[in-house]
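Below is one structure, written out as structure tokens; the observations come after it.
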Protein chains: 2
Amino acid sequence: MTSTAAILIIGNEILSGRTQDVNIQYLAKRLGEMGIRLNQARVIPDETSDIISSVRELAASHTYVFTTGGIGFTHDDRTAASMAEAFGVSIEEHPQALRLLQDYYGDALNEARRRMALIPVGATLIDNPISKAPAFQIQNVFVLAGVPSVMQGMFESLVGRLTGGKPIQFAAVSCSLPEGVIADGLALLQDRHPEVDIGSYPYFKLGVLGVSLVMRGVDEDSIASATKDVSEMIRSLGGEPVIE
Amino acid sequence: MTSTAAILIIGNEILSGRTQDVNIQYLAKRLGEMGIRLNQARVIPDETSDIISSVRELAASHTYVFTTGGIGFTHDDRTAASMAEAFGVSIEEHPQALRLLQDYYGDALNEARRRMALIPVGATLIDNPISKAPAFQIQNVFVLAGVPSVMQGMFESLVGRLTGGKPIQFAAVSCSLPEGVIADGLALLQDRHPEVDIGSYPYFKLGVLGVSLVMRGVDEDSIASATKDVSEMIRSLGGEPVIE
């Protein structure tokens with residue numbers, strides 16, 4: 001059975017429009033490479049009640065959940081405490097996390113920084129190769145930082161814990177025929193290649209309309225066969241298929 | 001009472017990691033400027049059941065929902081039919097939408113393109129200044145295209161239908177003090193300025209750690225006062241506040 005995943009972005013800064021999220025795309029690509037199907041990504045505010053209700057819902061309906069953001073130690077970081085509450089456990093200083101912080105900060109380990117060692121009881125640590133303060137896993141939820149470089153380092157530390165499948169692969173063909181000309185032929189090709197997911201993405205750049213046709217699946221031969229058929233259809237309609 | 005909003009991105013291409021979403025940030029900024037509070041953004045696959053369950057849930061709990069993607073006429077465009085099903089209405093050819101398409105395409109209006117006139121019964125059209133095929137509003141849900149330039153044109157056509165409030169405003173101060181040094185003082189300042197939402201966003205660029213402190217709210221004087229206090233705190237701790 002294919003593993004499934006959801007992403008939960010905990011981030012007022014994304015919902016305010018101040019920051020462009022890039023964590024969804026990074027995780028989406030990496031999960032696809034591992035053959036884990038990403039079914040949902042959700043952005044919510046840094047609010048305890050939102051975090052608790054979303055993580056409970058997503059954890060119950062997916063193999064894995066990846067959260068980003070809110071794991072620091074300032075007043076607006078509510079993720080660790082919310083995760084503990086969501087799973088009905090308390091939050092305690094984790095001895096190994098404390099040692100990591102002691103090694104990293106030495107005498108500069110003040111009370112505020114020490115709060116980064118507070119982890120829900122029963123959670124396991126996730127290594128942070130960038131700035132040392134660890135992330136954690138509680139049940140099927142991986143609780144990561146929001147800063148993209150730190151999040152990426154943490155994610156790469158935890159991939160050994162994930163059970164994937166065949167990598168999800170792509171091929172893409174674009175042409176400057178409008179969608180209106182290819183729509184019906186494309187629907188027939190989708191029926192002929194049920195094991196490939198064919199997506200049609202019109203683009204509109206500098207006043208020129210065109211379309212990208214994306215073949216997605218786990219079987220290389222099926223993708224190649226669908227791509228060949230799509231290219232032939234484009235040619236038969238007077239277009240020029242461009243392999244992306 | 002403040003109007004609230006949710007965004008629903010209908011997009012396999014975002015969940016596969018092939019495409020970087022930019023619609024969330026555009027809508028988030030514009031809603032903030034209009035004083036509408038964005039409470040959630042969600043990315044789901046182009047699947048009827050996902051679309052129906054998400055739009056029902058979000059429409060019931062927010063003043064407005066904005067969806068993007070899947071409103072074309074290829075086999076993988078399932079948004080319009082799903083919206084009709086979600087609201088228990090049928091989908092029919094809308095006379096005004098058909099006229100718009102006839103004017104735009106003339107003799108090139110084939111059967112496939114004509115499917116763009118299929119709109120849930122009771123929905124009202126939203127003007128598309130870019131590529132003419134209209135979007136639509138059904139109840140409190142605005143159903144827009146996925147292509148960013150087209151989505152933006154549609155959104156700007158519909159803003160007159162929205163009831164906003166005081167624009168949400170920001171100020172930001174950054175410094176190269178680590179969060180660990182300012183965390184406790186910042187929590188006190190958040191308590192002193194309850195009408196301002198103070199966010200602390202560490203950054204880590206080229207090996208340098210720093211922090212951006214973002215003051216968010218609807219009252220300019222309160223933001224200015226909180227910003228002054230934050231800057232003074234940074235100075236008192238030996239840092240140099242930089243107004244962003």
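By order in the structure tokens, chains are A, B, ...; within a chain, residues start at 1; ligands start at 1, following the order shown.
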Checklist entry - Near A:Ile126, counting only C-alpha atoms, which residues have an atom at most 12 Å away, once you skip same-chain residues fewer than 6 positions from it, shown as a PyMOL selection string? => result chain A and resi 96-97+100+119+132-138+141-145+150-161
Please, could you write that set of residues out with C-alpha atoms as a compact mmCIF listing (two decimals), in the first residue's frame?
```txt
# COMPACT_ATOMS: atom_id res chain seq x y z
CA GLN A 96 19.47 14.36 25.07
CA ALA A 97 18.06 17.60 23.65
CA LEU A 100 22.86 19.02 22.48
CA ILE A 119 9.64 18.03 23.91
CA LYS A 132 21.61 22.05 16.45
CA ALA A 133 18.31 22.53 18.36
CA PRO A 134 16.58 19.26 17.50
CA ALA A 135 13.21 18.69 15.87
CA PHE A 136 11.06 15.79 16.99
CA GLN A 137 8.74 13.02 15.88
CA ILE A 138 5.59 12.23 17.84
CA VAL A 141 4.03 13.46 12.93
CA PHE A 142 7.42 15.02 12.13
CA VAL A 143 7.68 18.45 13.71
CA LEU A 144 10.24 20.59 11.83
CA ALA A 145 11.49 24.18 11.82
CA VAL A 150 16.96 24.30 8.69
CA MET A 151 13.78 22.47 7.69
CA GLN A 152 15.61 20.84 4.79
CA GLY A 153 18.48 19.69 7.00
CA MET A 154 16.03 18.19 9.48
CA PHE A 155 14.05 16.46 6.74
CA GLU A 156 17.17 14.86 5.29
CA SER A 157 18.02 13.58 8.81
CA LEU A 158 14.71 11.76 9.12
CA VAL A 159 14.22 10.18 5.69
CA GLY A 160 15.53 6.83 6.96
CA ARG A 161 12.39 6.58 9.11
```
Residues of chain A within 6 Å of chain B: nearest atom pair and distance (Å, one decimal) for each, counting only C-alpha atoms, sorted by chain and number, as a Markdown table?
```
| residue | atom | partner | partner_atom | distance |
| --- | --- | --- | --- | --- |
| A:Leu15 | CA | B:Ala28 | CA | 5.8 |
| A:Ser16 | CA | B:Ala28 | CA | 5.6 |
| A:Gly17 | CA | B:Lys29 | CA | 4.6 |
| A:Gln25 | CA | B:Gly17 | CA | 4.7 |
| A:Ala28 | CA | B:Gly17 | CA | 4.7 |
| A:Lys29 | CA | B:Gly17 | CA | 4.6 |
| A:Gln40 | CA | B:Ile44 | CA | 5.0 |
| A:Ala41 | CA | B:Val43 | CA | 5.0 |
| A:Arg42 | CA | B:Arg42 | CA | 4.3 |
| A:Val43 | CA | B:Ala41 | CA | 5.0 |
| A:Ile44 | CA | B:Gln40 | CA | 5.0 |
| A:Thr74 | CA | B:Ala183 | CA | 5.0 |
| A:His75 | CA | B:Ala187 | CA | 5.3 |
| A:Ala112 | CA | B:Gly180 | CA | 5.8 |
| A:Arg113 | CA | B:Gly180 | CA | 5.3 |
| A:Gly180 | CA | B:Arg113 | CA | 5.3 |
| A:Ala183 | CA | B:Thr74 | CA | 5.0 |
| A:Ala187 | CA | B:His75 | CA | 5.3 |
```
Item to check | DSSP-assigned strand (DSSP E) members of stretch 14-240 of chain B, reported as a PyMOL selection string | outcome: chain B and resi 37-44+64-68+91-93+118-120+124-126+135-138+141-144+169-175+197-205+208-217
Checklist entry - Nearest to A:Ser176 among A:Ile91, A:Ile36, A:Val211, A:Ala59, with distances taken over only C-alpha atoms: which residue is it? => result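 Smallest distance to A:Ser176 is found for A:Val211.
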Checklist entry - Taking only C-alpha atoms into account, which of A:Leu206, A:Ile10, A:Ala172, A:Val230 comes nearest A:Ser54? => result A:Ile10
Checklist entry - What are the DSSP helix (DSSP H, G or I) residues of stretch 172-235 of chain A, as an MDAnalysis selection string? => result chainID A and resid 179:192 220:235
Checklist entry - Which residue out of B:Val196, B:Val208, B:Leu189, B:Ala80 has the minimum interatomic distance to B:Ser222 when only C-alpha atoms are used? => result B:Val196
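Counting from atom CA of A:Thr4, the distance to atom CA of A:Ser61 is 8.7 Å.
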